[in-house]
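A.B. asks: I am attaching a structure below and will ask some questions about it afterwards.
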Amino acid sequence: MSLSLNLFDRFHFAFVYFLRLSPGVATAACLIALTVGYGFVILHECAHWLTARAFGVTGAIGFFTRRAESKVWFLSVMGVKFDDGEFARLTCSQIRLVAVSGPLSDVLAGLLCLIFGLAMPGPAWLSAGVALAGLIYLPASALNIVPLPLRNDGWLVLWPKAAFTPRKG
C-alpha cells in the first residue's frame, strides 16, 4: 500500500481491506486490534501521568480510580489518581496540558496505526489488526476530545477548574 494516500482514503482502504479478509484472519485481526487498543488506553493514562509529573504532581495509574465519582462505567475502569493538594497548585494552563496530553497521544497512536498498519511487513492478520486498531481508535478518541458534561478530558481543557468542583448525580 502506498503511503501517499490521504486520511480519508486510508480509512476507506483499511475498512474495505478488513471486510475482504477470511473469517479466521479477520478474527485474529480483531484480537490484535483489541490488544493494541488496551495498549492505547495505557499510553493515554501514561501521557496524563507523565505530563503531571513534569509539573511536580505525584500520582498513580490504576484501575477503578473514579469508581465512586463516575456513574459511567468506561470512565471508571482505568485512570490516574493524582495527589489532590499538588494538583490544586497547578495553573489553568498546566491543567489544560495535563488534560490534553492523553487525547493527543490517542490521536498520534491512531494515526500511526492507520498510516503504517497495512504497510507493515508480516502476516495479513497482524497488519490488518494494527490498521483496524487505528481505524477504530482514531474516531473513538474524538469522544474524549469533545467536551462532554461527563468531565472528560475535553471538558477539563475548556474548564480546568471543573476538576475541583464536586460532581452531581
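We name chains A, B, ... following the order of the C-alpha cells; residues begin at 1 in each chain, and ligands are numbered from 1 as shown.
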Residues of segment 55-159 of chain A in strand (DSSP E or B) according to DSSP, as a CSV table (one decimal) with N, CA and C atoms, in the first residue's frame?
C.D. replies:
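selection10.csv, written as the output of this step:
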chain,number,residue,atom,x,y,z
A,59,GLY,N,1.3,10.9,41.5
A,59,GLY,CA,0.0,10.2,41.3
A,59,GLY,C,0.4,8.7,40.8
A,60,ALA,N,-0.7,8.0,40.7
A,60,ALA,CA,-0.5,6.6,40.3
A,60,ALA,C,-1.6,6.2,39.3
A,61,ILE,N,-1.2,5.4,38.3
A,61,ILE,CA,-2.1,4.8,37.3
A,61,ILE,C,-2.7,3.6,38.0
A,62,GLY,N,-4.0,3.5,37.9
A,62,GLY,CA,-4.7,2.3,38.5
A,62,GLY,C,-6.0,2.0,37.8
A,63,PHE,N,-6.6,0.9,38.3
A,63,PHE,CA,-7.9,0.5,37.9
A,63,PHE,C,-9.0,1.0,38.8
A,78,MET,N,-10.1,2.7,34.2
A,78,MET,CA,-8.7,3.0,34.4
A,78,MET,C,-8.4,4.5,34.4
A,79,GLY,N,-7.5,4.9,35.2
A,79,GLY,CA,-7.2,6.3,35.3
A,79,GLY,C,-6.0,6.6,36.1
A,80,VAL,N,-5.8,7.9,36.3
A,80,VAL,CA,-4.7,8.4,37.1
A,80,VAL,C,-5.3,9.1,38.3
A,81,LYS,N,-4.8,8.7,39.5
A,81,LYS,CA,-5.3,9.3,40.7
A,81,LYS,C,-4.1,10.2,41.2
A,82,PHE,N,-4.3,11.5,41.1
A,82,PHE,CA,-3.3,12.5,41.4
A,82,PHE,C,-3.4,12.9,42.9
A.B. asks: Got a sec: who's within 7 Å of Gly134 of chain A, counting only C-alpha atoms, leaving out chain neighbours fewer than 5 positions off, as a PDB file with C-alpha atoms, in the first residue's frame?
C.D. replies:
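Below is the file result-v8.pdb, written as the result:
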ATOM      1  CA  GLY A 110      -4.328   6.061  15.978  1.00  0.00           C
ATOM      2  CA  LEU A 111      -2.794   7.953  13.057  1.00  0.00           C
ATOM      3  CA  CYS A 113      -1.543   2.640  13.195  1.00  0.00           C
ATOM      4  CA  LEU A 114      -3.765   3.769  10.345  1.00  0.00           C
TER       5      LEU A 114
END
A.B. asks: Skip Ile42 of chain A itself and residues of its chain fewer than 4 positions away, then list as a PyMOL selection string all residues within 12 Å of it, counting only C-alpha atoms.
C.D. replies: chain A and resi 35-38+46-50+61-63+77-80+102-103+105-106+109
A.B. asks: Would you export the selected residues with C-alpha atoms as a PDB file, in the first residue's frame, please?
C.D. replies:
ATOM      1  CA  THR A  35      -4.716  -5.881  22.285  1.00  0.00           C
ATOM      2  CA  VAL A  36      -3.390  -2.727  20.621  1.00  0.00           C
ATOM      3  CA  GLY A  37      -6.433  -0.861  21.982  1.00  0.00           C
ATOM      4  CA  TYR A  38      -5.571  -1.885  25.539  1.00  0.00           C
ATOM      5  CA  CYS A  46       0.740   7.418  30.936  1.00  0.00           C
ATOM      6  CA  ALA A  47       0.600  10.645  28.906  1.00  0.00           C
ATOM      7  CA  HIS A  48      -1.545  12.271  31.629  1.00  0.00           C
ATOM      8  CA  TRP A  49       0.730  10.926  34.351  1.00  0.00           C
ATOM      9  CA  LEU A  50       3.995  11.993  32.656  1.00  0.00           C
ATOM     10  CA  ILE A  61      -2.130   4.843  37.343  1.00  0.00           C
ATOM     11  CA  GLY A  62      -4.671   2.314  38.472  1.00  0.00           C
ATOM     12  CA  PHE A  63      -7.929   0.545  37.852  1.00  0.00           C
ATOM     13  CA  VAL A  77     -12.127   1.408  34.550  1.00  0.00           C
ATOM     14  CA  MET A  78      -8.652   2.951  34.356  1.00  0.00           C
ATOM     15  CA  GLY A  79      -7.234   6.333  35.251  1.00  0.00           C
ATOM     16  CA  VAL A  80      -4.662   8.354  37.115  1.00  0.00           C
ATOM     17  CA  GLY A 102      -3.974  11.878  26.854  1.00  0.00           C
ATOM     18  CA  PRO A 103      -6.131  12.646  23.792  1.00  0.00           C
ATOM     19  CA  SER A 105      -1.398  10.506  22.463  1.00  0.00           C
ATOM     20  CA  ASP A 106      -4.614   8.818  21.256  1.00  0.00           C
ATOM     21  CA  ALA A 109      -1.170   6.450  18.071  1.00  0.00           C
TER      22      ALA A 109
END
A.B. asks: Quote the spacing between atom CA of Arg20 of chain A and atom CA of Ala119 of chain A in Å to one decimal place.
C.D. replies: 16.7 Å
A.B. asks: So what do you get for atom CA of Asn6 of chain A versus atom CA of Met120 of chain A, distance-wise?
C.D. replies: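 Taking atom CA of Asn6 of chain A as the start and atom CA of Met120 of chain A as the end point, the length is 17.6 Å.
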A.B. asks: Could you check how far atom CA of Leu90 of chain A sits from atom CA of Arg151 of chain A, in Å to one decimal?
C.D. replies: 17.8 Å
A.B. asks: Would you mind telling me which residue in A:Cys92, A:Ala140, A:Ala131, A:Leu148 lies nearest to Val107 of chain A when using only C-alpha atoms?
C.D. replies: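 Checking each of A:Cys92, A:Ala140, A:Ala131, A:Leu148 against Val107 of chain A, counting only C-alpha atoms, the winner is A:Ala140.
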A.B. asks: Near Thr91 of chain A, within 12 Å and counting only C-alpha atoms, which residues show up once chain neighbours fewer than 5 positions away are dropped, as a list in words?
C.D. replies: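 Those residues are Ala52, Phe55, Glu86, Arg96, Leu97, Val98, Trp159, Pro160 and Lys161 of chain A.
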A.B. asks: Contacts of Asp153 of chain A at 6 Å or less, counting only C-alpha atoms, minus same-chain residues fewer than 3 places along, as a list in words?
C.D. replies: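 Counting only C-alpha atoms, the residues come to Ala99, Asn144 and Leu156 of chain A.
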A.B. asks: Give the answer as one residue: which of A:Leu138, A:Asp9, A:Trp125, A:Ser101 has the shortest atom-to-atom distance to Gly154 of chain A, using only C-alpha atoms?
C.D. replies: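 Selected residue with least distance to Gly154 of chain A: A:Ser101.
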A.B. asks: Applying 10 Å and only C-alpha atoms, which residues near Leu34 of chain A remain after dropping the ones on its own chain fewer than 3 positions away? List them as JSON, numbers by chain.
C.D. replies: {"A": [28, 29, 30, 31, 37, 38, 39, 40, 129, 130, 132, 133, 136]}
A.B. asks: If DSSP is run on the backbone, what residues of segment 15-61 of chain A are alpha helix (DSSP H)? A reply as a ChimeraX atom specification would be ideal.
C.D. replies: /A:15-19,23-54
